[in-house]
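Take a look at the structure below.
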Amino acid sequence: MKTKYKKKPKPIETVHDRRAVDVLAAIQRDIAVIEVDDPLEAGARNAVVVNLRDDPLRKLKEMQSINHAQFEAGRIWQRYWEASEIGSTRSIQLQERVQTSGPSGEDLSERQIHASARLREAMRELGKEGEALVRDILGARMTMKQAAIRRGLEGDYGAKYIGQRFRECLETLAVVFHLASRPRA
């Protein structure tokens with residue numbers, strides 16, 4: 001008795017692969033999925049996609065290079081930085097020249113004065129170079145590589161050094177804004 005073998009069907013050739021895997025892989029380093037509070041339902045959370053390209057602070061958090069306190073300290077600094085703006089001039093600069101009036105004669109708001117005072121406090125703790133680094137990365141939204149090049153450091157070593165220095169600055173900000181305690185010596 002002969003057994004008949006059935007011929008295996010030929011696999012269907014894929015003519016076009018329409019999956020966007022290559023595109024997702026290319027942009028995956030610039031996006032992240034985070035959870036936020038649902039504005040329509042109390043206590044509920046929604047998953048949203050955020051762009052990391054212009055947010056170096058969030059990118060560091062998503063890469064788990066900084067902790068939550070450092071992230072929040074950076075966000076607080078950014079809020080104070082934005083609140084202290086008057087057009088393209090910062091109220092810190094204006095307060096040094098004229099104590100209560102802005103460029104067009106209007107009074108500085110209490111919010112701007114408070115933000116400027118908190119930024120000056122942070123500047124004292126960070127020092128001149130630390131404050132400039134924080135201003136470049138959080139204020140101007142430079143990458144670590146751009147900040148390194150601005151300081152004459154090139155290559156991976158320069159970016160790694162600036163990254164380490166920036167994390168130290170974020171830790172200092174966390175202490176200044178009472179999100180962390182000063183490490184014991």
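Each chain of the structure tokens is named A, B, ... in the order shown, its residues numbered from 1; ligands are numbered from 1 in display order.
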
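Residues with any atom within 12 Å of Gly158 of chain A, counting only C-alpha atoms and excluding same-chain neighbours fewer than 3 positions away, are Thr143, Met144, Lys145, Gln146, Ala147, Ala148, Ile149, Arg150, Arg151, Gly152, Leu153, Glu154, Gly155, Tyr161, Ile162, Gly163, Gln164 and Arg165 of chain A.
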
What does the file look like for those residues with C-alpha atoms, as a short mmCIF file (atom, residue, chain, number, x, y, z; two decimals), in the first residue's frame?
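Printed below is selection.cif as written:
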data_model
loop_
_atom_site.label_atom_id
_atom_site.label_comp_id
_atom_site.auth_asym_id
_atom_site.auth_seq_id
_atom_site.Cartn_x
_atom_site.Cartn_y
_atom_site.Cartn_z
CA THR A 143 20.79 68.48 23.52
CA MET A 144 23.73 67.27 25.60
CA LYS A 145 25.81 67.17 22.44
CA GLN A 146 24.93 70.77 21.54
CA ALA A 147 25.71 71.94 25.08
CA ALA A 148 29.03 70.07 24.96
CA ILE A 149 30.00 71.63 21.63
CA ARG A 150 29.09 75.07 22.99
CA ARG A 151 31.64 74.45 25.75
CA GLY A 152 34.33 73.23 23.36
CA LEU A 153 33.85 69.53 24.17
CA GLU A 154 33.48 67.15 21.26
CA GLY A 155 32.52 63.55 20.70
CA TYR A 161 30.52 64.65 30.69
CA ILE A 162 27.82 67.28 30.10
CA GLY A 163 25.13 64.68 30.82
CA GLN A 164 26.75 63.81 34.16
CA ARG A 165 27.21 67.48 35.05
#

Shell of 7 Å around Ala115 of chain A, only C-alpha atoms, local chain residues under 6 positions omitted, as a PyMOL selection string: chain A and resi 80+83-84

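Counting only C-alpha atoms and comparing A:Lys128, A:Glu85, A:Leu52, A:Ala73, the residue that lies closest to Leu108 of chain A is A:Glu85.
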
Write out as a compact mmCIF listing (two decimals) with N, CA, C and O atoms, in the first residue's frame the residues lying within 10 Å of segment 31-33 of chain A, counting only C-alpha atoms and excluding same-chain residues fewer than 6 positions away.
# COMPACT_ATOMS: atom_id res chain seq x y z
N LEU A 24 8.57 53.25 12.60
CA LEU A 24 8.47 53.28 14.06
C LEU A 24 9.83 53.12 14.71
O LEU A 24 10.13 53.78 15.69
N ASN A 46 -4.99 58.11 31.13
CA ASN A 46 -4.93 57.86 29.69
C ASN A 46 -3.48 57.70 29.27
O ASN A 46 -2.60 58.39 29.79
N ALA A 47 -3.25 56.84 28.30
CA ALA A 47 -1.91 56.70 27.71
C ALA A 47 -1.84 57.65 26.52
O ALA A 47 -2.73 57.65 25.67
N VAL A 48 -0.81 58.48 26.49
CA VAL A 48 -0.62 59.42 25.39
C VAL A 48 0.81 59.31 24.86
O VAL A 48 1.71 58.90 25.58
N VAL A 49 0.96 59.66 23.60
CA VAL A 49 2.28 59.66 22.97
C VAL A 49 2.83 61.07 23.05
O VAL A 49 2.14 62.04 22.72
N VAL A 50 4.08 61.19 23.52
CA VAL A 50 4.72 62.51 23.61
C VAL A 50 5.98 62.52 22.76
O VAL A 50 6.62 61.49 22.56
N ASN A 51 6.30 63.69 22.24
CA ASN A 51 7.49 63.88 21.42
C ASN A 51 8.66 64.22 22.34
O ASN A 51 8.57 65.15 23.13
N LEU A 52 9.75 63.49 22.22
CA LEU A 52 10.92 63.71 23.06
C LEU A 52 11.97 64.59 22.39
O LEU A 52 12.93 64.99 23.03
N ARG A 53 11.81 64.87 21.12
CA ARG A 53 12.84 65.57 20.37
C ARG A 53 13.19 66.92 20.98
O ARG A 53 14.36 67.26 21.10
N ARG A 58 12.42 65.17 29.59
CA ARG A 58 11.58 63.98 29.50
C ARG A 58 12.36 62.82 28.88
O ARG A 58 12.22 61.68 29.27
N LYS A 59 13.23 63.13 27.90
CA LYS A 59 14.03 62.08 27.26
C LYS A 59 14.94 61.41 28.28
O LYS A 59 15.06 60.19 28.30
N GLU A 62 12.74 59.15 30.43
CA GLU A 62 12.33 57.94 29.72
C GLU A 62 13.49 56.96 29.56
O GLU A 62 13.28 55.76 29.54
N MET A 63 14.71 57.47 29.48
CA MET A 63 15.89 56.60 29.39
C MET A 63 16.33 56.14 30.78
O MET A 63 17.32 55.44 30.91

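Nearest to Ile113 of chain A of all the residues A:Asp54, A:Phe177, A:Arg141, A:Trp81 is A:Trp81, counting only C-alpha atoms.
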
Pairwise distance for atom CA of Glu121 of chain A and atom CA of Trp77 of chain A, rounded to one decimal in Å: 11.0 Å

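Straight-line separation from atom CA of His114 of chain A to atom CA of Ile76 of chain A: 12.7 Å.
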
Among the residues A:Ala117, A:Ile34, A:Leu60, A:Ala140, the one that comes closest to Leu170 of chain A [using only C-alpha atoms]: A:Leu60

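Of the listed residues A:Ser181, A:Ala69, A:Pro39, A:Phe166, the one whose atoms come nearest to Glu131 of chain A is A:Phe166, with distances taken using only C-alpha atoms.
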
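Closest to Ile137 of chain A among A:Leu179, A:Cys169, A:Leu40, A:Ala174 is A:Cys169, based on only C-alpha atoms.
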
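Here atom CA of Glu171 of chain A and atom CA of Pro56 of chain A stand 15.7 Å from one another.
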